[in-house]
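Just model06.cif here, mmCIF, C-alpha atoms and all ligand atoms:
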```
data_protein
loop_
_atom_site.group_PDB
_atom_site.id
_atom_site.type_symbol
_atom_site.label_atom_id
_atom_site.label_comp_id
_atom_site.auth_asym_id
_atom_site.auth_seq_id
_atom_site.Cartn_x
_atom_site.Cartn_y
_atom_site.Cartn_z
ATOM 1 C CA MET A 25 -14.707 -230.137 28.318
ATOM 2 C CA GLU A 26 -11.113 -230.853 27.378
ATOM 3 C CA ASN A 27 -10.377 -227.184 27.186
ATOM 4 C CA LYS A 28 -11.731 -226.400 30.613
ATOM 5 C CA GLU A 29 -9.115 -228.308 32.621
ATOM 6 C CA THR A 30 -8.059 -225.465 34.789
ATOM 7 C CA SER A 31 -11.299 -223.538 34.808
ATOM 8 C CA THR A 32 -12.882 -225.615 37.536
ATOM 9 C CA LEU A 33 -10.172 -224.811 40.047
ATOM 10 C CA ARG A 34 -9.904 -221.558 41.902
ATOM 11 C CA ASP A 35 -6.688 -220.034 43.186
ATOM 12 C CA GLY A 36 -5.009 -222.108 45.867
ATOM 13 C CA GLU A 37 -7.406 -225.019 45.547
ATOM 14 C CA LEU A 38 -4.966 -227.473 43.974
ATOM 15 C CA ALA A 39 -2.795 -227.317 47.095
ATOM 16 C CA LEU A 40 -5.822 -227.999 49.288
ATOM 17 C CA ILE A 41 -6.830 -230.975 47.154
ATOM 18 C CA ASN A 42 -3.354 -232.435 47.111
ATOM 19 C CA LYS A 43 -3.493 -232.688 50.879
ATOM 20 C CA TYR A 44 -6.031 -235.477 50.379
ATOM 21 C CA THR A 45 -4.384 -237.382 47.550
ATOM 22 C CA ARG A 46 -1.703 -240.037 47.752
ATOM 23 C CA ARG A 47 0.265 -238.402 45.019
ATOM 24 C CA GLU A 48 0.431 -234.883 43.688
ATOM 25 C CA HIS A 49 -2.227 -234.320 41.092
ATOM 26 C CA LYS A 50 -2.073 -231.846 38.283
ATOM 27 C CA ALA A 51 -4.876 -229.377 37.797
ATOM 28 C CA GLU A 52 -5.936 -231.041 34.556
ATOM 29 C CA GLU A 53 -6.545 -234.342 36.343
ATOM 30 C CA ILE A 54 -9.036 -232.812 38.685
ATOM 31 C CA TYR A 55 -12.600 -231.753 38.321
ATOM 32 C CA ALA A 56 -13.829 -229.367 41.000
ATOM 33 C CA PHE A 57 -17.377 -228.187 41.549
ATOM 34 C CA THR A 58 -19.545 -226.409 44.051
ATOM 35 C CA VAL A 59 -22.508 -227.871 45.901
ATOM 36 C CA THR A 60 -24.883 -226.287 48.337
ATOM 37 C CA LEU A 61 -24.952 -228.606 51.298
ATOM 38 C CA CYS A 62 -27.667 -226.931 53.315
ATOM 39 C CA ASP A 63 -29.088 -223.546 54.241
ATOM 40 C CA ASN A 64 -31.024 -221.664 56.876
ATOM 41 C CA ASP A 65 -34.354 -221.805 55.067
ATOM 42 C CA ILE A 66 -37.305 -223.797 56.370
ATOM 43 C CA ASP A 67 -37.391 -227.011 54.370
ATOM 44 C CA ARG A 68 -40.231 -229.299 53.386
ATOM 45 C CA ASP A 69 -39.961 -231.121 56.702
ATOM 46 C CA PHE A 70 -40.389 -227.758 58.451
ATOM 47 C CA GLU A 71 -36.872 -227.832 59.760
ATOM 48 C CA ARG A 72 -34.007 -225.430 59.339
ATOM 49 C CA PHE A 73 -30.437 -224.987 60.390
ATOM 50 C CA SER A 74 -29.556 -222.054 62.593
ATOM 51 C CA ASP A 75 -27.131 -219.532 61.092
ATOM 52 C CA ASP A 76 -24.471 -220.497 63.634
ATOM 53 C CA ALA A 77 -24.929 -224.186 62.845
ATOM 54 C CA LEU A 78 -23.994 -223.527 59.207
ATOM 55 C CA ASP A 79 -20.704 -221.972 60.330
ATOM 56 C CA VAL A 80 -19.865 -224.976 62.491
ATOM 57 C CA LEU A 81 -20.877 -227.419 59.744
ATOM 58 C CA SER A 82 -18.599 -225.581 57.331
ATOM 59 C CA LYS A 83 -15.678 -226.816 59.429
ATOM 60 C CA LEU A 84 -17.059 -230.317 60.030
ATOM 61 C CA PHE A 85 -17.696 -231.123 56.367
ATOM 62 C CA VAL A 86 -14.190 -230.393 55.127
ATOM 63 C CA GLY A 87 -12.564 -233.663 54.058
ATOM 64 C CA ARG A 88 -15.820 -235.624 53.957
ATOM 65 C CA THR A 89 -16.394 -237.812 50.956
ATOM 66 C CA GLY A 90 -19.586 -237.844 48.991
ATOM 67 C CA ILE A 91 -21.227 -240.592 47.044
ATOM 68 C CA CYS A 92 -22.957 -240.176 43.747
ATOM 69 C CA ASP A 93 -26.123 -242.183 44.173
ATOM 70 C CA HIS A 94 -26.693 -243.558 40.727
ATOM 71 C CA SER A 95 -23.232 -245.003 40.497
ATOM 72 C CA ALA A 96 -22.548 -245.994 44.078
ATOM 73 C CA LYS A 97 -21.219 -249.325 42.820
ATOM 74 C CA SER A 98 -17.970 -247.741 41.871
ATOM 75 C CA GLU A 99 -15.594 -246.826 44.623
ATOM 76 C CA ASN A 100 -13.965 -244.310 42.351
ATOM 77 C CA GLN A 101 -17.113 -242.309 41.855
ATOM 78 C CA LYS A 102 -16.617 -240.418 44.999
ATOM 79 C CA ALA A 103 -16.050 -236.756 45.442
ATOM 80 C CA ARG A 104 -14.371 -235.180 48.399
ATOM 81 C CA ILE A 105 -15.067 -231.825 49.939
ATOM 82 C CA PHE A 106 -11.867 -229.856 50.263
ATOM 83 C CA SER A 107 -13.257 -226.554 51.434
ATOM 84 C CA CYS A 108 -16.479 -225.072 52.734
ATOM 85 C CA TYR A 109 -17.815 -221.587 53.120
ATOM 86 C CA THR A 110 -21.053 -219.897 54.019
ATOM 87 C CA GLU A 111 -22.558 -217.061 52.036
ATOM 88 C CA LYS A 112 -25.473 -214.689 52.299
ATOM 89 C CA PRO A 113 -26.632 -213.813 48.782
ATOM 90 C CA GLU A 114 -27.747 -210.227 48.801
ATOM 91 C CA GLY A 115 -31.479 -209.678 48.660
ATOM 92 C CA GLU A 116 -32.329 -213.353 49.076
ATOM 93 C CA GLN A 117 -34.658 -214.152 51.897
ATOM 94 C CA THR A 118 -35.879 -217.285 53.609
ATOM 95 C CA ARG A 119 -39.572 -218.115 53.410
ATOM 96 C CA ASP A 120 -40.096 -216.495 56.806
ATOM 97 C CA GLY A 121 -38.285 -213.322 55.798
ATOM 98 C CA ARG A 122 -34.818 -213.760 57.294
ATOM 99 C CA GLN A 123 -31.590 -213.162 55.379
ATOM 100 C CA TYR A 124 -30.886 -216.326 53.399
ATOM 101 C CA LYS A 125 -27.622 -218.060 54.262
ATOM 102 C CA ARG A 126 -26.223 -221.219 52.762
ATOM 103 C CA LEU A 127 -23.375 -223.605 53.305
ATOM 104 C CA CYS A 128 -21.469 -224.294 50.114
ATOM 105 C CA ALA A 129 -18.830 -226.898 49.583
ATOM 106 C CA ARG A 130 -16.114 -227.172 47.009
ATOM 107 C CA ALA A 131 -15.599 -230.787 46.066
ATOM 108 C CA TYR A 132 -13.338 -232.552 43.661
ATOM 109 C CA MET A 133 -13.190 -235.801 41.795
ATOM 110 C CA LEU A 134 -10.672 -237.253 39.447
ATOM 111 C CA LYS A 135 -11.276 -236.983 35.753
ATOM 112 C CA THR A 136 -11.387 -240.696 35.172
ATOM 113 C CA GLU A 137 -13.269 -242.547 32.483
ATOM 114 C CA GLN A 138 -15.781 -243.688 35.092
ATOM 115 C CA ASN A 139 -16.513 -240.146 36.214
ATOM 116 C CA LYS A 140 -16.897 -238.820 32.697
ATOM 117 C CA ASN A 141 -20.677 -238.996 32.519
ATOM 118 C CA LEU A 142 -21.166 -237.589 35.923
ATOM 119 C CA ILE A 143 -18.859 -234.685 35.204
ATOM 120 C CA ALA A 144 -20.734 -234.066 31.979
ATOM 121 C CA GLU A 145 -24.012 -233.904 33.908
ATOM 122 C CA ILE A 146 -22.624 -231.423 36.358
ATOM 123 C CA GLU A 147 -21.133 -229.406 33.534
ATOM 124 C CA ALA A 148 -24.466 -229.368 31.761
ATOM 125 C CA GLY A 149 -25.914 -227.616 34.771
ATOM 126 C CA ILE A 150 -28.189 -230.405 35.804
ATOM 127 C CA LYS A 151 -29.367 -229.509 39.249
ATOM 128 C CA LYS A 152 -27.880 -231.438 42.071
ATOM 129 C CA GLU A 153 -29.819 -232.501 45.058
ATOM 130 C CA VAL A 154 -27.622 -232.993 48.023
ATOM 131 C CA SER A 155 -28.280 -235.232 50.918
ATOM 132 C CA ILE A 156 -26.187 -234.775 54.005
ATOM 133 C CA GLY A 157 -25.679 -236.787 57.132
ATOM 134 C CA CYS A 158 -24.949 -234.969 60.340
ATOM 135 C CA SER A 159 -25.674 -235.111 64.006
ATOM 136 C CA MET A 160 -27.291 -232.062 65.530
ATOM 137 C CA GLY A 161 -27.074 -231.419 69.246
ATOM 138 C CA SER A 162 -30.291 -229.494 69.563
ATOM 139 C CA HIS A 163 -33.681 -229.579 67.907
ATOM 140 C CA THR A 164 -35.818 -226.778 69.229
ATOM 141 C CA CYS A 165 -39.265 -225.317 68.622
ATOM 142 C CA SER A 166 -39.092 -222.051 66.661
ATOM 143 C CA ILE A 167 -42.021 -220.628 68.610
ATOM 144 C CA CYS A 168 -41.084 -221.255 72.232
ATOM 145 C CA GLY A 169 -37.481 -222.476 72.017
ATOM 146 C CA LYS A 170 -38.177 -225.672 73.921
ATOM 147 C CA SER A 171 -36.331 -228.814 72.976
ATOM 148 C CA ARG A 172 -38.358 -231.135 70.738
ATOM 149 C CA ALA A 173 -37.321 -234.025 72.978
ATOM 150 C CA GLU A 174 -38.894 -232.199 75.890
ATOM 151 C CA GLY A 175 -42.021 -231.431 73.895
ATOM 152 C CA CYS A 176 -44.291 -228.414 73.724
ATOM 153 C CA VAL A 177 -47.733 -227.549 72.410
ATOM 154 C CA HIS A 178 -46.557 -226.168 69.040
ATOM 155 C CA ARG A 179 -46.790 -228.252 65.913
ATOM 156 C CA LYS A 180 -44.393 -228.201 63.017
ATOM 157 C CA GLY A 181 -45.974 -226.696 59.917
ATOM 158 C CA LYS A 182 -48.729 -224.878 61.805
ATOM 159 C CA ARG A 183 -48.995 -221.117 61.973
ATOM 160 C CA TYR A 184 -49.118 -219.293 65.281
ATOM 161 C CA GLY A 185 -50.120 -215.767 64.424
ATOM 162 C CA ASN A 186 -47.792 -214.950 61.557
ATOM 163 C CA ALA A 187 -45.102 -217.355 62.633
ATOM 164 C CA LEU A 188 -44.718 -220.708 60.913
ATOM 165 C CA CYS A 189 -43.732 -223.284 63.502
ATOM 166 C CA HIS A 190 -40.653 -225.267 62.571
ATOM 167 C CA THR A 191 -37.724 -227.012 64.181
ATOM 168 C CA VAL A 192 -34.426 -225.174 64.503
ATOM 169 C CA LEU A 193 -31.420 -227.450 64.204
ATOM 170 C CA SER A 194 -28.335 -226.189 65.957
ATOM 171 C CA ASN A 195 -25.222 -227.216 67.815
ATOM 172 C CA PRO A 196 -23.793 -229.646 65.227
ATOM 173 C CA GLN A 197 -21.946 -232.560 66.789
ATOM 174 C CA ASP A 198 -20.527 -234.203 63.708
ATOM 175 C CA ALA A 199 -20.830 -234.370 59.965
ATOM 176 C CA TYR A 200 -20.793 -237.677 58.147
ATOM 177 C CA GLU A 201 -21.065 -238.476 54.495
ATOM 178 C CA TRP A 202 -22.938 -236.556 51.898
ATOM 179 C CA SER A 203 -24.222 -237.701 48.583
ATOM 180 C CA PHE A 204 -25.401 -235.926 45.575
ATOM 181 C CA VAL A 205 -27.848 -237.086 43.031
ATOM 182 C CA ALA A 206 -28.264 -235.565 39.661
ATOM 183 C CA VAL A 207 -31.934 -234.784 39.196
ATOM 184 C CA PRO A 208 -33.766 -233.336 36.216
ATOM 185 C CA ALA A 209 -33.370 -229.599 35.933
ATOM 186 C CA GLN A 210 -37.087 -228.852 36.141
ATOM 187 C CA ARG A 211 -37.271 -230.257 39.586
ATOM 188 C CA ARG A 212 -36.845 -227.589 42.202
ATOM 189 C CA ALA A 213 -33.306 -227.823 43.485
ATOM 190 C CA GLY A 214 -33.598 -228.707 47.077
ATOM 191 C CA ILE A 215 -31.805 -230.169 49.958
ATOM 192 C CA THR A 216 -32.708 -233.420 51.544
ATOM 193 C CA LYS A 217 -31.204 -234.288 54.843
ATOM 194 C CA SER A 218 -30.835 -237.577 56.515
ATOM 195 C CA PHE A 219 -29.981 -236.804 60.048
ATOM 196 C CA GLU A 220 -28.178 -239.115 62.250
ATOM 197 C CA LYS A 221 -30.789 -238.575 64.901
ATOM 198 C CA LYS A 222 -29.424 -238.414 68.377
ATOM 199 C CA GLU A 223 -30.397 -241.528 70.272
ATOM 200 C CA ARG A 224 -33.715 -240.639 71.786
ATOM 201 C CA LYS A 225 -34.328 -242.150 75.145
ATOM 202 C CA ASN A 226 -37.499 -244.197 75.390
ATOM 203 C CA LEU A 227 -40.553 -242.164 76.289
ATOM 204 C CA THR A 228 -42.392 -243.368 79.350
ATOM 205 C CA ASN A 229 -46.149 -243.906 79.135
ATOM 206 C CA ILE A 230 -46.595 -240.852 81.343
ATOM 207 C CA ASP A 231 -44.473 -238.765 78.912
ATOM 208 C CA ILE A 232 -46.511 -239.976 75.953
ATOM 209 C CA VAL A 233 -49.838 -239.177 77.623
ATOM 210 C CA LYS A 234 -48.483 -235.769 78.618
ATOM 211 C CA GLN A 235 -47.404 -234.950 75.065
ATOM 212 C CA LEU A 236 -50.659 -236.187 73.589
ATOM 213 C CA GLY A 237 -52.539 -234.058 76.091
ATOM 214 C CA ALA A 238 -50.571 -231.039 74.957
ATOM 215 C CA GLY A 239 -51.620 -231.672 71.347
ATOM 216 C CA GLU A 240 -48.049 -232.476 70.374
ATOM 217 C CA GLU A 241 -47.418 -234.599 67.308
ATOM 218 C CA ILE A 242 -45.664 -237.718 68.446
ATOM 219 C CA THR A 243 -43.888 -240.609 66.803
ATOM 220 C CA LEU A 244 -43.548 -243.778 68.801
ATOM 221 C CA SER A 245 -40.983 -246.518 68.489
ATOM 222 C CA ALA A 246 -42.240 -250.106 68.309
ATOM 223 C CA ASN A 247 -41.258 -250.604 71.944
ATOM 224 C CA GLU A 248 -43.041 -247.473 73.048
ATOM 225 C CA ALA A 249 -46.185 -248.431 71.140
ATOM 226 C CA ALA A 250 -46.170 -251.915 72.707
ATOM 227 C CA SER A 251 -45.682 -250.473 76.166
ATOM 228 C CA LEU A 252 -48.444 -247.912 75.610
ATOM 229 C CA SER A 253 -50.818 -250.623 74.401
ATOM 230 C CA LEU A 254 -50.100 -252.671 77.539
ATOM 231 C CA TYR A 255 -50.651 -249.579 79.646
ATOM 232 C CA ILE A 256 -54.018 -248.907 77.991
ATOM 233 C CA GLY A 257 -54.980 -252.541 78.634
ATOM 234 C CA GLU A 258 -54.119 -252.151 82.324
ATOM 235 C CA LEU A 259 -56.086 -248.926 82.501
ATOM 236 C CA LYS A 260 -59.077 -250.647 80.910
ATOM 237 C CA THR A 261 -59.000 -253.354 83.570
ATOM 238 C CA LEU A 262 -58.682 -250.758 86.307
ATOM 239 C CA CYS A 263 -61.510 -248.810 84.734
ATOM 240 C CA GLU A 264 -63.794 -251.875 84.814
ATOM 241 C CA ILE A 265 -62.901 -252.484 88.461
ATOM 242 C CA GLY A 266 -63.536 -248.822 89.221
ATOM 243 C CA LYS A 267 -66.879 -248.866 87.430
ATOM 244 C CA SER A 268 -68.163 -251.892 89.305
ATOM 245 C CA PHE A 269 -66.858 -250.426 92.571
ATOM 246 C CA ILE A 270 -68.748 -247.175 91.938
ATOM 247 C CA ALA A 271 -71.898 -249.104 91.007
ATOM 248 C CA GLU A 272 -71.645 -251.034 94.256
ATOM 249 C CA LYS A 273 -71.257 -247.838 96.237
ATOM 250 C CA ARG A 274 -74.150 -246.230 94.424
ATOM 251 C CA THR A 275 -76.444 -249.146 95.248
ATOM 252 C CA ALA A 276 -75.389 -248.952 98.900
ATOM 253 C CA VAL A 277 -75.960 -245.184 98.988
ATOM 254 C CA ILE A 278 -79.416 -245.526 97.406
ATOM 255 C CA GLY A 279 -80.279 -248.179 99.998
ATOM 256 C CA GLY A 280 -78.954 -245.942 102.786
ATOM 257 C CA ILE A 281 -80.994 -242.934 101.656
ATOM 258 C CA GLU A 282 -84.107 -245.054 101.260
ATOM 259 C CA LYS A 283 -83.742 -246.247 104.817
ATOM 260 C CA ALA A 284 -82.981 -242.803 106.209
ATOM 261 C CA LEU A 285 -85.706 -240.911 104.372
ATOM 262 C CA SER A 286 -89.210 -242.165 104.150
ATOM 263 C CA GLY A 287 -91.564 -240.524 101.693
ATOM 264 C CA VAL A 288 -89.017 -240.037 98.897
ATOM 265 C CA SER A 289 -89.613 -242.207 95.868
ATOM 266 C CA ALA A 290 -86.970 -244.725 94.801
ATOM 267 C CA GLU A 291 -86.842 -243.007 91.362
ATOM 268 C CA THR A 292 -85.959 -239.654 92.926
ATOM 269 C CA ILE A 293 -83.211 -241.191 95.035
ATOM 270 C CA LYS A 294 -81.823 -243.062 92.056
ATOM 271 C CA ALA A 295 -81.885 -239.927 89.938
ATOM 272 C CA ILE A 296 -79.962 -238.024 92.629
ATOM 273 C CA ALA A 297 -77.443 -240.846 93.084
ATOM 274 C CA GLU A 298 -76.824 -240.984 89.320
ATOM 275 C CA LYS A 299 -75.850 -237.314 89.315
ATOM 276 C CA MET A 300 -73.457 -237.552 92.221
ATOM 277 C CA SER A 301 -69.742 -237.233 91.631
ATOM 278 C CA VAL A 302 -67.524 -240.092 92.736
ATOM 279 C CA SER A 303 -66.317 -238.106 95.759
ATOM 280 C CA GLU A 304 -69.877 -237.190 96.825
ATOM 281 C CA LEU A 305 -70.897 -240.797 96.458
ATOM 282 C CA ASP A 306 -67.879 -241.868 98.477
ATOM 283 C CA GLU A 307 -68.627 -239.390 101.244
ATOM 284 C CA LEU A 308 -72.198 -240.638 101.638
ATOM 285 C CA TYR A 309 -71.098 -244.234 101.337
ATOM 286 C CA ARG A 310 -68.602 -243.796 104.191
ATOM 287 C CA ALA A 311 -71.186 -242.021 106.308
ATOM 288 C CA PHE A 312 -73.686 -244.863 105.851
ATOM 289 C CA GLN A 313 -71.009 -247.479 106.505
ATOM 290 C CA LYS A 314 -70.049 -245.705 109.743
ATOM 291 C CA GLU A 315 -73.649 -245.587 110.873
ATOM 292 C CA LYS A 316 -74.117 -249.222 109.993
ATOM 293 C CA GLY A 317 -70.926 -250.153 111.831
ATOM 294 C CA ALA A 318 -72.123 -248.411 114.971
ATOM 295 C CA LYS A 319 -75.308 -250.441 114.938
ATOM 296 C CA VAL A 320 -73.922 -253.785 113.971
ATOM 297 C CA GLN A 321 -72.270 -255.762 116.701
ATOM 298 C CA LEU A 322 -68.791 -256.911 115.892
ATOM 299 C CA ALA A 323 -68.779 -260.530 114.896
ATOM 300 C CA PRO A 324 -66.929 -262.782 117.324
ATOM 301 C CA LYS A 325 -63.572 -264.128 116.225
ATOM 302 C CA THR A 326 -64.093 -267.356 114.349
ATOM 303 C CA LYS A 327 -62.819 -270.416 116.074
ATOM 304 C CA ILE A 328 -60.314 -272.479 114.185
ATOM 305 C CA ASN A 329 -62.061 -275.472 112.848
ATOM 306 C CA LYS A 330 -59.765 -278.344 113.604
ATOM 307 C CA SER A 331 -61.154 -280.680 110.983
ATOM 308 C CA GLU A 332 -60.539 -278.083 108.239
ATOM 309 C CA ASN A 333 -56.928 -277.684 109.269
ATOM 310 C CA LEU A 334 -56.054 -281.317 109.357
ATOM 311 C CA ASP A 335 -54.647 -281.156 105.880
ATOM 312 C CA PHE A 336 -51.859 -278.945 107.082
ATOM 313 C CA MET A 337 -50.808 -281.198 109.883
ATOM 314 C CA ILE A 338 -47.893 -283.500 109.405
HETATM 315 ZN ZN ZN B 401 -43.058 -224.682 71.155
#
```
Starting from the coordinates I provided, produce the structure as structure tokens.
Amino acid sequence: MENKETSTLRDGELALINKYTRREHKAEEIYAFTVTLCDNDIDRDFERFSDDALDVLSKLFVGRTGICDHSAKSENQKARIFSCYTEKPEGEQTRDGRQYKRLCARAYMLKTEQNKNLIAEIEAGIKKEVSIGCSMGSHTCSICGKSRAEGCVHRKGKRYGNALCHTVLSNPQDAYEWSFVAVPAQRRAGITKSFEKKERKNLTNIDIVKQLGAGEEITLSANEAASLSLYIGELKTLCEIGKSFIAEKRTAVIGGIEKALSGVSAETIKAIAEKMSVSELDELYRAFQKEKGAKVQLAPKTKINKSENLDFMI
């Protein structure tokens, strides 16, 4: 490694790096390397960055420091990105057949004793898995283009015709830290992202029911789940009230029909009443009530019973 001091730096890079250091560093003090931060391919979470997003991120990530996971204890084991670029390797395609595009970063660290092992790992070509933190302004459905926050009927990871449904991440708002972990070479080099998810406003119970009805996959916060559970409890109570109300109406309607029609068996009337919709039942119920009301004399207004009201007198 000692003989490779200058080989890790490309033309003009030392000047870029020295913009970030307190003192001027010599090329031999610096170890520079390239990492792929992210790309436009559909990842294992069925998400991908839009091509434009990669261009914007290439500006946002410049100057950001990265942490090397297995040695996070040491403040010095940090690398800083000093330049970013996107590239489209010829002939490489994404899993859904688009031109592959990736965001690469050039990062540097100082050749200190503490960084020695890490540098050796990178030098040895051990694959690096990069985790990035960024805030994306829009998360949209690849099938219909609707915002994921808004919801649609398409599910991530499902195929619609030939199209694999995924989430397109675009409109980057900010880039935060990144970290890279050296992983065994046999493991498929991949990108893991930890998004600073935009604060999602709480879903109302109506929203949740709507999304569930549309077959949309949905993740609830603890608050939302508690609220939904309460809502279901209320609905259950209302349902019980409704059921007993309908039963009452049905009994009244059966009684009304029995009175109105002689010669029809109680079983037949019951069977008909059981098949009636709530609105049919209601219509008949009202009709019988009206008829009954016309026949029944209005009760006289009750007189105030003085003895019962004594309690309220002072
Ligand atoms: Zn959709």
Task: Contact residues around Leu40 of chain A with all atoms listed in the file at 8 Å, ignoring same-chain residues under 4 positions, as number ranges by chain - done: A: 36, 44, 106-107
Proximity of chain A to ligand ZN 401 (chain B): per-residue shortest pair, 9 Å limit, only C-alpha atoms and all ligand atoms, as CSV:
```
residue,atom,partner,partner_atom,distance
A:Thr164,CA,B:ZN401,ZN,7.8
A:Cys165,CA,B:ZN401,ZN,4.6
A:Ser166,CA,B:ZN401,ZN,6.5
A:Ile167,CA,B:ZN401,ZN,4.9
A:Cys168,CA,B:ZN401,ZN,4.1
A:Gly169,CA,B:ZN401,ZN,6.1
A:Lys170,CA,B:ZN401,ZN,5.7
A:Ser171,CA,B:ZN401,ZN,8.1
A:Arg172,CA,B:ZN401,ZN,8.0
A:Gly175,CA,B:ZN401,ZN,7.4
A:Cys176,CA,B:ZN401,ZN,4.7
A:Val177,CA,B:ZN401,ZN,5.6
A:His178,CA,B:ZN401,ZN,4.4
A:Arg179,CA,B:ZN401,ZN,7.4
A:Lys180,CA,B:ZN401,ZN,9.0
A:Cys189,CA,B:ZN401,ZN,7.8
A:His190,CA,B:ZN401,ZN,8.9
```
Task: Residues returned when the PyMOL selection byres (((chain A and resi 231) around 12) and not hetatm) runs on this file, as a PyMOL selection string - done: chain A and resi 173-176+225-230+232-238+240+242+244+248+252
Open item on the list: Can you translate the PyMOL selection byres (((chain A and resi 83-87) around 7) and not hetatm) into the concrete residues it hits in this file, as a ChimeraX atom specification?
Closed with: /A:80-82,88-89,104-108,198-199
Task: 12 Å contact set for Val302 of chain A, all atoms listed in the file, chain neighbours under 6 positions out, as a VMD selection string - done: chain A and resid 266 to 267 269 to 274 277 308 to 309
TODO: One decimal, Å: what's the distance from atom CA of Leu193 of chain A over to atom CA of Tyr132 of chain A, could you say?
DONE: 27.8 Å
- [ ] Run the PyMOL selection byres (((chain A and resi 64) around 6) and not hetatm) on the file and write out the hits as a ChimeraX atom specification.
- [x] /A:63,65,72-74,125
Task: Distance of atom CA of Phe57 of chain A from atom CA of Ala131 of chain A, expressed in Å to one decimal place - done: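 So the two atoms, atom CA of Ala131 of chain A and atom CA of Phe57 of chain A, lie 5.5 Å apart.
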Open item on the list: Using Å and a single decimal, report how far atom CA of Val59 of chain A sits from atom CA of Arg46 of chain A.
Closed with: 24.2 Å
